[in-house]
>>> print(open('work_1.csv').read())   # CSV, C-alpha atoms and all ligand atoms
chain,number,residue,atom,x,y,z
A,1321,MET,CA,20.9,-11.0,8.0
A,1322,ALA,CA,19.0,-13.6,10.0
A,1323,GLY,CA,17.3,-10.9,12.1
A,1324,ILE,CA,16.1,-9.0,9.1
A,1325,VAL,CA,12.6,-9.9,7.9
A,1326,THR,CA,11.4,-8.2,4.7
A,1327,VAL,CA,7.7,-7.9,4.1
A,1328,GLN,CA,8.1,-10.4,1.2
A,1329,ARG,CA,9.7,-13.0,3.5
A,1330,HIS,CA,7.0,-12.4,6.1
A,1331,LEU,CA,4.3,-12.8,3.5
A,1332,VAL,CA,5.8,-16.1,2.3
A,1333,GLU,CA,6.2,-17.4,5.9
A,1334,SER,CA,2.7,-16.4,6.8
A,1335,GLN,CA,1.4,-18.1,3.7
A,1336,SER,CA,3.1,-21.4,4.7
A,1337,LEU,CA,0.9,-21.5,7.8
A,1338,HIS,CA,-2.1,-22.0,5.5
A,1339,ALA,CA,-1.8,-25.2,3.6
A,1340,GLU,CA,-4.7,-24.2,1.2
A,1341,ALA,CA,-3.0,-20.9,0.2
A,1342,SER,CA,-2.1,-20.7,-3.5
A,1343,GLY,CA,0.3,-17.8,-3.1
A,1344,GLU,CA,-1.9,-15.4,-5.0
A,1345,LEU,CA,-2.7,-13.2,-2.1
A,1346,THR,CA,1.0,-13.0,-1.3
A,1347,ALA,CA,1.7,-11.9,-4.8
A,1348,LEU,CA,-1.1,-9.4,-4.7
A,1349,LEU,CA,0.2,-7.9,-1.4
A,1350,TRP,CA,3.7,-7.8,-2.8
A,1351,ASP,CA,2.5,-5.8,-5.9
A,1352,LEU,CA,0.8,-3.4,-3.5
A,1353,SER,CA,3.9,-2.9,-1.4
A,1354,LEU,CA,5.7,-1.6,-4.5
A,1355,ALA,CA,2.9,1.0,-5.1
A,1356,PHE,CA,3.4,2.1,-1.4
A,1357,LYS,CA,7.1,2.7,-2.0
A,1358,VAL,CA,6.4,4.8,-5.0
A,1359,ILE,CA,3.7,6.9,-3.1
A,1360,SER,CA,6.1,7.2,-0.1
A,1361,ARG,CA,8.7,8.8,-2.4
A,1362,ALA,CA,6.2,11.2,-3.8
A,1363,VAL,CA,4.9,12.2,-0.3
A,1364,ASN,CA,8.4,12.8,0.9
A,1365,GLN,CA,8.9,15.3,-2.0
A,1366,ALA,CA,5.6,17.0,-1.4
A,1367,GLY,CA,7.2,20.1,0.1
A,1368,LEU,CA,9.0,20.6,-3.2
A,1369,LEU,CA,5.7,20.9,-5.1
A,1370,ASP,CA,5.8,24.7,-4.7
A,1371,VAL,CA,9.2,24.7,-6.2
A,1372,LEU,CA,8.4,22.2,-9.0
A,1373,GLY,CA,4.9,23.5,-9.8
A,1374,LYS,CA,1.3,23.2,-8.6
A,1375,ASP,CA,-1.5,20.9,-9.6
A,1376,GLY,CA,-2.1,21.2,-13.3
A,1377,ASP,CA,1.2,23.1,-14.0
A,1378,THR,CA,4.0,21.8,-16.0
A,1379,ASN,CA,7.1,21.3,-13.8
A,1380,ALA,CA,10.7,21.9,-14.7
A,1381,SER,CA,11.1,18.5,-16.2
A,1382,GLY,CA,8.1,19.1,-18.5
A,1383,ASP,CA,5.8,16.7,-16.5
A,1384,THR,CA,2.3,17.7,-15.6
A,1385,VAL,CA,2.1,18.1,-11.8
A,1386,MET,CA,-0.7,16.2,-10.2
A,1387,LYS,CA,-2.4,16.5,-6.8
A,1388,LEU,CA,-0.9,13.9,-4.6
A,1389,ASP,CA,-4.1,12.0,-3.8
A,1390,ARG,CA,-4.8,11.7,-7.6
A,1391,TYR,CA,-1.2,10.6,-8.1
A,1392,ALA,CA,-1.5,7.9,-5.4
A,1393,GLN,CA,-4.8,6.7,-7.0
A,1394,ASP,CA,-3.0,6.3,-10.4
A,1395,VAL,CA,0.0,4.5,-8.9
A,1396,ILE,CA,-2.1,1.9,-7.1
A,1397,PHE,CA,-4.3,1.4,-10.2
A,1398,GLU,CA,-1.3,0.9,-12.5
A,1399,ALA,CA,0.5,-1.4,-10.0
A,1400,MET,CA,-2.6,-3.6,-9.6
A,1401,ASP,CA,-4.5,-3.6,-13.0
A,1402,HIS,CA,-2.5,-6.2,-14.8
A,1403,GLY,CA,-1.3,-8.8,-12.3
A,1404,GLY,CA,-4.3,-11.1,-12.8
A,1405,HIS,CA,-5.2,-11.1,-9.1
A,1406,LEU,CA,-8.0,-8.6,-9.1
A,1407,CYS,CA,-11.5,-8.7,-10.7
A,1408,CYS,CA,-12.1,-5.0,-9.9
A,1409,MET,CA,-11.1,-2.2,-7.5
A,1410,ALA,CA,-13.0,0.4,-5.5
A,1411,SER,CA,-11.5,3.7,-4.4
A,1412,GLU,CA,-12.5,6.7,-2.3
A,1413,GLU,CA,-11.3,8.8,-5.3
A,1414,GLU,CA,-13.6,7.2,-7.8
A,1415,ASP,CA,-17.4,7.4,-7.8
A,1416,GLU,CA,-17.9,4.0,-9.6
A,1417,LEU,CA,-16.3,0.6,-9.3
A,1418,ILE,CA,-12.9,0.5,-11.2
A,1419,ALA,CA,-12.8,-2.1,-13.9
A,1420,ILE,CA,-9.8,-4.2,-14.8
A,1421,PRO,CA,-8.9,-3.3,-18.5
A,1422,ASP,CA,-10.3,-5.8,-21.0
A,1423,LYS,CA,-6.8,-6.8,-22.1
A,1424,TYR,CA,-5.9,-8.2,-18.7
A,1425,PRO,CA,-7.1,-11.4,-16.9
A,1426,LYS,CA,-9.7,-11.1,-14.1
A,1427,GLY,CA,-8.6,-12.5,-10.8
A,1428,LYS,CA,-10.4,-13.8,-7.7
A,1429,TYR,CA,-9.9,-10.8,-5.4
A,1430,VAL,CA,-11.2,-7.3,-5.1
A,1431,LEU,CA,-9.2,-4.4,-3.7
A,1432,SER,CA,-10.8,-1.4,-1.9
A,1433,PHE,CA,-8.7,1.6,-1.0
A,1434,ASP,CA,-8.3,5.1,0.1
A,1435,PRO,CA,-5.2,6.2,-1.8
A,1436,LEU,CA,-4.2,9.1,0.4
A,1437,ASP,CA,-6.2,9.5,3.6
A,1438,GLY,CA,-5.9,12.9,5.4
A,1439,SER,CA,-4.7,14.6,2.3
A,1440,SER,CA,-5.8,18.0,3.6
A,1441,ASN,CA,-2.8,17.6,5.9
A,1442,ILE,CA,-0.2,17.3,3.2
A,1443,ASP,CA,0.5,21.1,2.9
A,1444,VAL,CA,1.3,21.3,6.6
A,1445,ASN,CA,3.7,18.3,6.6
A,1446,VAL,CA,1.4,16.2,8.8
A,1447,SER,CA,1.2,12.4,8.3
A,1448,VAL,CA,-1.1,11.0,5.6
A,1449,GLY,CA,-1.6,7.4,4.6
A,1450,THR,CA,-3.1,4.7,2.4
A,1451,ILE,CA,-5.7,2.4,3.6
A,1452,PHE,CA,-6.6,-0.9,1.9
A,1453,SER,CA,-8.7,-4.1,2.2
A,1454,ILE,CA,-9.0,-7.2,0.1
A,1455,HIS,CA,-12.0,-9.5,-0.2
A,1456,ARG,CA,-12.5,-12.7,-2.2
A,1457,ARG,CA,-14.9,-12.1,-5.1
A,1458,VAL,CA,-18.4,-13.4,-4.8
A,1459,THR,CA,-19.4,-13.2,-8.5
A,1460,GLU,CA,-18.5,-15.7,-11.3
A,1461,HIS,CA,-14.7,-16.2,-11.7
A,1462,GLY,CA,-13.1,-15.0,-14.9
A,1463,THR,CA,-15.7,-12.3,-15.5
A,1464,PRO,CA,-15.4,-8.6,-14.7
A,1465,GLY,CA,-16.0,-7.8,-11.1
A,1466,GLN,CA,-19.3,-6.2,-10.0
A,1467,ASP,CA,-20.4,-3.9,-7.1
A,1468,ALA,CA,-21.4,-7.0,-5.1
A,1469,ASP,CA,-17.7,-8.0,-5.0
A,1470,ALA,CA,-16.8,-4.8,-3.2
A,1471,LEU,CA,-19.9,-4.6,-1.0
A,1472,GLN,CA,-18.9,-7.1,1.6
A,1473,ARG,CA,-18.7,-7.1,5.4
A,1474,GLY,CA,-15.5,-6.3,7.2
A,1475,HIS,CA,-15.7,-9.8,8.7
A,1476,ASP,CA,-15.1,-11.2,5.2
A,1477,ILE,CA,-11.9,-9.2,4.7
A,1478,VAL,CA,-9.0,-11.6,3.8
A,1479,ALA,CA,-6.3,-9.0,4.2
A,1480,ALA,CA,-6.2,-5.3,5.2
A,1481,GLY,CA,-3.8,-2.7,6.3
A,1482,TYR,CA,-2.5,0.8,6.0
A,1483,VAL,CA,0.6,2.7,5.2
A,1484,ILE,CA,1.5,5.8,7.2
A,1485,TYR,CA,3.8,8.3,5.5
A,1486,GLY,CA,5.1,9.9,8.6
A,1487,SER,CA,8.5,10.6,10.2
A,1488,SER,CA,9.2,7.2,8.6
A,1489,THR,CA,7.0,5.2,6.3
A,1490,MET,CA,5.3,2.2,8.0
A,1491,LEU,CA,3.2,-0.6,6.6
A,1492,VAL,CA,0.8,-2.3,9.0
A,1493,TYR,CA,-1.2,-5.3,7.8
A,1494,SER,CA,-3.1,-8.3,8.8
A,1495,THR,CA,-4.1,-11.4,6.9
A,1496,GLY,CA,-6.1,-12.7,9.9
A,1497,ASP,CA,-3.1,-13.9,11.9
A,1498,GLY,CA,-2.5,-10.8,14.0
A,1499,VAL,CA,-1.1,-7.4,13.0
A,1500,HIS,CA,2.4,-6.8,11.9
A,1501,GLY,CA,4.2,-3.5,11.2
A,1502,PHE,CA,7.1,-2.9,8.9
A,1503,THR,CA,9.2,0.2,8.5
A,1504,LEU,CA,10.5,1.3,5.1
A,1505,ASP,CA,14.3,1.5,5.0
A,1506,PRO,CA,14.8,4.0,2.2
A,1507,SER,CA,18.4,3.1,1.8
A,1508,VAL,CA,17.6,-0.5,0.8
A,1509,GLY,CA,14.1,0.2,-0.5
A,1510,GLU,CA,12.5,-2.6,1.6
A,1511,PHE,CA,9.8,-2.7,4.3
A,1512,LEU,CA,11.5,-4.4,7.3
A,1513,LEU,CA,9.7,-6.0,10.2
A,1514,SER,CA,9.8,-3.6,13.1
A,1515,HIS,CA,6.6,-4.3,15.1
A,1516,GLU,CA,5.7,-8.0,15.2
A,1517,ASP,CA,2.3,-9.1,16.5
A,1518,ILE,CA,1.0,-5.7,17.6
A,1519,ARG,CA,-1.5,-5.9,20.5
A,1520,ILE,CA,-3.5,-2.9,21.6
A,1521,PRO,CA,-3.4,-2.2,25.3
A,1522,GLU,CA,-6.5,-3.3,27.3
A,1523,ARG,CA,-7.1,0.3,28.3
A,1524,GLY,CA,-5.4,3.6,27.3
A,1525,LYS,CA,-5.2,7.2,28.6
A,1526,ILE,CA,-5.8,9.0,25.4
A,1527,TYR,CA,-8.9,10.0,23.5
A,1528,SER,CA,-9.0,11.2,19.9
A,1529,VAL,CA,-12.0,13.0,18.5
A,1530,ASN,CA,-12.7,16.3,16.7
A,1531,GLU,CA,-14.0,18.1,19.8
A,1532,GLY,CA,-15.0,21.1,17.7
A,1533,ASN,CA,-18.0,19.0,16.8
A,1534,THR,CA,-19.2,18.8,20.5
A,1535,PRO,CA,-22.3,21.0,19.9
A,1536,TRP,CA,-23.5,18.5,17.2
A,1537,TRP,CA,-23.0,15.3,19.1
A,1538,ASP,CA,-25.7,13.3,20.8
A,1539,ASP,CA,-25.9,13.8,24.6
A,1540,ARG,CA,-24.5,10.3,25.5
A,1541,THR,CA,-21.3,10.9,23.5
A,1542,ARG,CA,-21.0,14.3,25.1
A,1543,ARG,CA,-21.4,12.8,28.6
A,1544,TYR,CA,-18.8,10.1,27.9
A,1545,VAL,CA,-16.2,12.6,26.8
A,1546,GLU,CA,-16.9,14.8,29.9
A,1547,HIS,CA,-16.5,11.6,31.9
A,1548,ILE,CA,-13.0,10.7,30.6
A,1549,LYS,CA,-11.9,14.4,31.0
A,1550,SER,CA,-13.0,14.4,34.7
A,1551,ILE,CA,-10.4,14.6,37.5
A,1552,GLU,CA,-11.6,11.2,38.8
A,1553,GLN,CA,-10.6,9.6,35.5
A,1554,GLY,CA,-7.1,10.9,35.5
A,1555,PRO,CA,-8.0,12.7,33.2
A,1556,TYR,CA,-7.4,11.4,29.7
A,1557,LYS,CA,-5.1,13.3,27.3
A,1558,THR,CA,-6.5,14.6,24.0
A,1559,ARG,CA,-4.7,13.8,20.8
A,1560,TYR,CA,-6.3,14.6,17.4
A,1561,ILE,CA,-4.3,14.9,14.2
A,1562,GLY,CA,-7.2,14.8,11.8
A,1563,SER,CA,-5.6,12.0,9.7
A,1564,MET,CA,-7.4,8.8,10.5
A,1565,ILE,CA,-4.4,6.6,9.8
A,1566,ALA,CA,-2.2,8.6,12.2
A,1567,ASP,CA,-4.9,8.8,14.9
A,1568,VAL,CA,-5.7,5.1,14.7
A,1569,HIS,CA,-2.0,4.1,14.5
A,1570,ARG,CA,-1.3,5.9,17.7
A,1571,THR,CA,-4.4,4.4,19.3
A,1572,LEU,CA,-3.2,0.9,18.3
A,1573,LEU,CA,0.2,1.4,19.8
A,1574,TYR,CA,-0.6,3.4,22.9
A,1575,GLY,CA,-4.2,2.4,23.5
A,1576,GLY,CA,-7.2,4.6,24.2
A,1577,ILE,CA,-10.2,5.5,22.0
A,1578,PHE,CA,-10.7,7.0,18.6
A,1579,LEU,CA,-14.2,8.4,17.8
A,1580,TYR,CA,-15.9,9.9,14.9
A,1581,PRO,CA,-19.6,9.9,16.0
A,1582,LYS,CA,-22.6,11.1,14.1
A,1583,THR,CA,-23.2,14.9,14.0
A,1584,TYR,CA,-26.6,16.4,14.2
A,1585,LYS,CA,-26.3,19.8,12.5
A,1586,ASN,CA,-29.1,22.4,11.8
A,1587,GLY,CA,-32.1,20.3,12.7
A,1588,ASP,CA,-30.7,17.1,11.0
A,1589,THR,CA,-32.5,14.4,13.1
A,1590,GLU,CA,-31.0,11.4,11.3
A,1591,GLY,CA,-27.4,12.6,11.9
A,1592,SER,CA,-24.6,12.3,9.4
A,1593,CYS,CA,-21.3,10.4,9.4
A,1594,LYS,CA,-18.0,11.5,7.9
A,1595,LEU,CA,-15.9,8.3,7.5
A,1596,ARG,CA,-16.4,5.9,4.7
A,1597,LEU,CA,-17.1,2.3,5.6
A,1598,LEU,CA,-15.3,0.6,2.7
A,1599,TYR,CA,-12.2,2.7,2.5
A,1600,GLU,CA,-11.6,3.8,6.1
A,1601,ALA,CA,-13.8,2.4,8.8
A,1602,ALA,CA,-13.9,-1.4,7.9
A,1603,PRO,CA,-10.2,-1.8,7.1
A,1604,MET,CA,-9.0,0.1,10.2
A,1605,GLY,CA,-11.6,-1.6,12.3
A,1606,TYR,CA,-10.4,-5.0,11.0
A,1607,ILE,CA,-6.8,-4.1,12.0
A,1608,VAL,CA,-7.9,-2.9,15.5
A,1609,GLU,CA,-9.9,-6.1,16.1
A,1610,GLN,CA,-7.0,-8.3,14.9
A,1611,ALA,CA,-4.9,-6.5,17.5
A,1612,GLY,CA,-7.4,-7.3,20.3
A,1613,GLY,CA,-9.4,-4.1,20.2
A,1614,ILE,CA,-13.0,-3.3,19.4
A,1615,ALA,CA,-14.4,-1.5,16.4
A,1616,HIS,CA,-18.0,-0.3,16.7
A,1617,THR,CA,-20.4,2.3,15.4
A,1618,GLY,CA,-22.2,2.7,18.7
A,1619,GLU,CA,-25.2,0.8,17.3
A,1620,GLU,CA,-23.4,-2.3,15.9
A,1621,LYS,CA,-20.1,-3.9,15.4
A,1622,LEU,CA,-18.3,-2.2,12.5
A,1623,LEU,CA,-17.3,-5.5,10.8
A,1624,ASP,CA,-20.9,-6.7,10.8
A,1625,ILE,CA,-22.2,-4.0,8.5
A,1626,VAL,CA,-23.2,-5.2,5.1
A,1627,PRO,CA,-22.5,-2.3,2.8
A,1628,THR,CA,-25.2,-1.3,0.3
A,1629,GLU,CA,-23.3,1.5,-1.4
A,1630,LEU,CA,-19.6,2.0,-2.4
A,1631,HIS,CA,-19.4,5.3,-0.7
A,1632,GLN,CA,-21.5,4.5,2.4
A,1633,ARG,CA,-20.4,6.3,5.6
A,1634,CYS,CA,-20.7,5.3,9.2
A,1635,SER,CA,-19.9,6.5,12.7
A,1636,VAL,CA,-16.7,5.0,14.2
A,1637,VAL,CA,-15.7,4.1,17.7
A,1638,LEU,CA,-12.6,2.0,18.0
A,1639,GLY,CA,-9.7,1.3,20.3
A,1640,SER,CA,-8.8,-0.5,23.5
A,1641,PRO,CA,-11.5,-2.9,24.6
A,1642,ALA,CA,-12.1,-1.4,28.1
A,1643,ASP,CA,-12.3,2.1,26.6
A,1644,VAL,CA,-14.8,1.2,23.8
A,1645,ASN,CA,-16.9,-0.8,26.2
A,1646,GLU,CA,-17.0,2.1,28.5
A,1647,TYR,CA,-18.2,4.4,25.6
A,1648,LEU,CA,-20.8,1.8,24.8
A,1649,SER,CA,-22.1,1.7,28.3
A,1650,PHE,CA,-22.7,5.5,28.1
A,1651,TYR,CA,-24.1,5.2,24.5
A,1652,ARG,CA,-26.6,2.6,25.6
A,1653,GLY,CA,-27.7,4.7,28.5
A,1654,GLU,CA,-26.4,2.3,31.2
A,1655,ARG,CA,-24.4,5.1,32.9
B,1701,LIG,P1,-10.3,12.6,3.7
B,1701,LIG,O1,-10.5,11.1,3.2
B,1701,LIG,O2,-11.0,13.6,2.8
B,1701,LIG,O3,-8.9,12.9,4.0
B,1701,LIG,O4,-11.2,12.6,5.1
B,1701,LIG,C1,-11.0,11.7,6.0
B,1701,LIG,C2,-10.3,12.3,7.2
B,1701,LIG,C3,-9.8,11.2,8.2
B,1701,LIG,O5,-8.5,10.9,7.9
B,1701,LIG,C4,-9.9,11.9,9.5
B,1701,LIG,O6,-10.1,11.0,10.6
B,1701,LIG,C5,-11.1,12.8,9.3
B,1701,LIG,O7,-11.2,13.0,7.9
B,1701,LIG,C6,-11.0,14.1,10.0
B,1701,LIG,O8,-12.2,14.8,9.8
B,1701,LIG,P2,-12.4,16.2,10.6
B,1701,LIG,O9,-11.5,17.2,9.9
B,1701,LIG,O10,-13.9,16.5,10.3
B,1701,LIG,O11,-12.1,16.1,12.0
B,1702,MG,MG,-9.9,9.3,3.5
>>> encode(input="work_1.csv", output="structure tokens", more="lines below")
Ligand code: AHM
Ligand code: MG
Amino acid sequence: MAGIVTVQRHLVESQSLHAEASGELTALLWDLSLAFKVISRAVNQAGLLDVLGKDGDTNASGDTVMKLDRYAQDVIFEAMDHGGHLCCMASEEEDELIAIPDKYPKGKYVLSFDPLDGSSNIDVNVSVGTIFSIHRRVTEHGTPGQDADALQRGHDIVAAGYVIYGSSTMLVYSTGDGVHGFTLDPSVGEFLLSHEDIRIPERGKIYSVNEGNTPWWDDRTRRYVEHIKSIEQGPYKTRYIGSMIADVHRTLLYGGIFLYPKTYKNGDTEGSCKLRLLYEAAPMGYIVEQAGGIAHTGEEKLLDIVPTELHQRCSVVLGSPADVNEYLSFYRGER
């Protein structure tokens, strides 16, 4: 038993490193981990949806079948609305800030999340995941949360992580003391510590980008990708799943670079970005930086951006320090 560390034990032991901690963040993360187990169970049954009924149908048990991303959204909301830890939530699935119901107390944290990232991959049995981050509220305690509570920099995150529902379910999180990974043991229903203190390799040999977008990239990004594919460089291997959690998880463990640069389509001179700052880029960037990597947009450090809108998007370049710095040297025109 001594070698088995559950996520709960890990949270409590990490909390004891911070004398000022009240235990509230630990309790909040514990509630969240319950939601992840429920979502994991549903994702594992996703292939049965065709048997049990499609979105909006009534299944054999008489329940209305819901799209999984909507289901994941509801599970997290219901697990987190009443604990008294949160003042509000923000989700990729909801246009507006999500209020805590009047009947429940308002806490000192705000939760931002993407309930099921990469959900277009569900029907082909490819990994999807949940991404989350937690900030301390900045508005008056005891009152309902406001947009300003969610619109905070990645640097001010107090805890963030992701769950990958893959060949096994893994929870990877950080509270600012490194990055730790837990694997769900379905037979005991617990997340068990499997990857302690994850450190991203200094340099990798894998690049991960939607290369179908090449015609719409800026020249500097195009030249960088040509460079890492050149014979002199090795060349690097391509791996692109199209689920950010899966692509970044691999980058964290094997090293290399993950990119989602701006695209300039049909005379768009400003360029547009795909990934969302609050729900995808900042939490994943925080994890990568906690593991010793770099998270950038090309223009600025990802965690420095002060969001002005809940659904703001940004370009993303993250991974091993040597790889990201090499990209930046191309992007800045130094090579
Ligand atoms: P989603 O939130 O609608 O699932 O979109 C986000 C996903 C990321 O997981 C992934 O990195 C990206 O979209 C892939 O985009 P593309 O298909 O353009 O390569
Ligand atoms: Mg997403």
>>> closest_residue(input="work_1.csv", among="A:Val1395, A:Val1508, A:Val1448, A:Leu1622", to="ligand MG 1702 (chain B)", atoms="only C-alpha atoms and all ligand atoms")
A:Val1448
>>> closest_residue(input="work_1.csv", among="A:Gly1427, A:Gly1403, A:Gly1474, A:Gly1562", to="ligand MG 1702 (chain B)", atoms="all atoms listed in the file")
A:Gly1562
>>> closest_residue(input="work_1.csv", among="A:Ser1432, A:Asn1530, A:Gln1553, A:Thr1495", to="Asp1567 in chain A", atoms="only C-alpha atoms")
A:Asn1530
>>> atom_distance(input="work_1.csv", atom1="CA of Leu1573 in chain A", atom2="CA of Ala1611 in chain A")
9.7 Å
>>> atom_distance(input="work_1.csv", atom1="CA of Val1446 in chain A", atom2="CA of Lys1585 in chain A")
28.2 Å
>>> residues_near_ligand(input="work_1.csv", ligand="ligand LIG 1701 (chain B)", cutoff="9 Å", atoms="all atoms listed in the file", output="ChimeraX atom specification")
/A:1412-1413,1434-1441,1448-1449,1529-1533,1560-1568,1578-1580,1594-1596,1599-1600
>>> atom_distance(input="work_1.csv", atom1="CA of Leu1504 in chain A", atom2="CA of Gly1323 in chain A")
15.6 Å
>>> closest_residue(input="work_1.csv", among="A:Gln1365, A:Gln1328, A:Thr1617, A:Ser1411", to="ligand MG 1702 (chain B)", atoms="all atoms listed in the file")
A:Ser1411
>>> closest_residue(input="work_1.csv", among="A:Val1545, A:Ala1601, A:Leu1388, A:Cys1593", to="Leu1648 in chain A", atoms="only C-alpha atoms")
A:Val1545
>>> closest_atom_pairs(input="work_1.csv", of="range 1507-1613 of chain A", to="range 1344-1353 of chain A", cutoff="12 Å", atoms="all atoms listed in the file", output="CSV")
residue,atom,partner,partner_atom,distance
A:Gly1509,CA,A:Ser1353,CA,10.7
A:Glu1510,CA,A:Ser1353,CA,9.1
A:Phe1511,CA,A:Ser1353,CA,8.2
A:Leu1512,CA,A:Ser1353,CA,11.6
>>> residues_around(input="work_1.csv", residues="Glu1646 in chain A", least_positions_apart="5", cutoff="12 Å", atoms="all atoms listed in the file", output="VMD selection string")
chain A and resid 1522 to 1524 1540 to 1541 1543 to 1545 1547 to 1548 1576 to 1577 1614 1618 1637 to 1641 1651 to 1655
>>> residues_around(input="work_1.csv", residues="range 1466-1469 of chain A", least_positions_apart="3", cutoff="9 Å", atoms="all atoms listed in the file", output="VMD selection string")
chain A and resid 1407 to 1408 1410 1416 to 1417 1419 1429 to 1430 1455 to 1459 1463 1472 1628 to 1630
>>> closest_residue(input="work_1.csv", among="A:Tyr1485, A:Leu1491, A:Pro1521, A:Pro1603", to="Asn1445 in chain A", atoms="only C-alpha atoms")
A:Tyr1485
>>> residues_around(input="work_1.csv", residues="Ala1602 in chain A", least_positions_apart="5", cutoff="9 Å", atoms="only C-alpha atoms", output="tab-separated table (two decimals) with C-alpha atoms, in the coordinates of the input")
chain	number	residue	atom	x	y	z
A	1453	SER	CA	-8.70	-4.10	2.20
A	1473	ARG	CA	-18.70	-7.10	5.40
A	1474	GLY	CA	-15.50	-6.30	7.20
A	1475	HIS	CA	-15.70	-9.80	8.70
A	1477	ILE	CA	-11.90	-9.20	4.70
A	1596	ARG	CA	-16.40	5.90	4.70
A	1597	LEU	CA	-17.10	2.30	5.60
A	1607	ILE	CA	-6.80	-4.10	12.00
A	1615	ALA	CA	-14.40	-1.50	16.40
A	1622	LEU	CA	-18.30	-2.20	12.50
A	1623	LEU	CA	-17.30	-5.50	10.80
A	1625	ILE	CA	-22.20	-4.00	8.50
>>> residues_around(input="work_1.csv", residues="Ser1514 in chain A", least_positions_apart="2", cutoff="12 Å", atoms="all atoms listed in the file", output="count of residues only")
24
>>> residues_around(input="work_1.csv", residues="Ile1420 in chain A", least_positions_apart="3", cutoff="8 Å", atoms="only C-alpha atoms", output="VMD selection string")
chain A and resid 1401 to 1402 1406 to 1409 1424 to 1426 1464
>>> residues_near_point(input="work_1.csv", point="(-26.0, 14.9, 18.9)", cutoff="10 Å", atoms="all atoms listed in the file", output="PyMOL selection string")
chain A and resi 1533-1542+1581-1585+1588-1592
>>> write_last_selection(input="work_1.csv", atoms="C-alpha atoms", output="PDB file, in the frame of the given file")
ATOM      1  CA  ASN A1533     -18.000  19.000  16.800  1.00  0.00           C
ATOM      2  CA  THR A1534     -19.200  18.800  20.500  1.00  0.00           C
ATOM      3  CA  PRO A1535     -22.300  21.000  19.900  1.00  0.00           C
ATOM      4  CA  TRP A1536     -23.500  18.500  17.200  1.00  0.00           C
ATOM      5  CA  TRP A1537     -23.000  15.300  19.100  1.00  0.00           C
ATOM      6  CA  ASP A1538     -25.700  13.300  20.800  1.00  0.00           C
ATOM      7  CA  ASP A1539     -25.900  13.800  24.600  1.00  0.00           C
ATOM      8  CA  ARG A1540     -24.500  10.300  25.500  1.00  0.00           C
ATOM      9  CA  THR A1541     -21.300  10.900  23.500  1.00  0.00           C
ATOM     10  CA  ARG A1542     -21.000  14.300  25.100  1.00  0.00           C
ATOM     11  CA  PRO A1581     -19.600   9.900  16.000  1.00  0.00           C
ATOM     12  CA  LYS A1582     -22.600  11.100  14.100  1.00  0.00           C
ATOM     13  CA  THR A1583     -23.200  14.900  14.000  1.00  0.00           C
ATOM     14  CA  TYR A1584     -26.600  16.400  14.200  1.00  0.00           C
ATOM     15  CA  LYS A1585     -26.300  19.800  12.500  1.00  0.00           C
ATOM     16  CA  ASP A1588     -30.700  17.100  11.000  1.00  0.00           C
ATOM     17  CA  THR A1589     -32.500  14.400  13.100  1.00  0.00           C
ATOM     18  CA  GLU A1590     -31.000  11.400  11.300  1.00  0.00           C
ATOM     19  CA  GLY A1591     -27.400  12.600  11.900  1.00  0.00           C
ATOM     20  CA  SER A1592     -24.600  12.300   9.400  1.00  0.00           C
TER      21      SER A1592
END
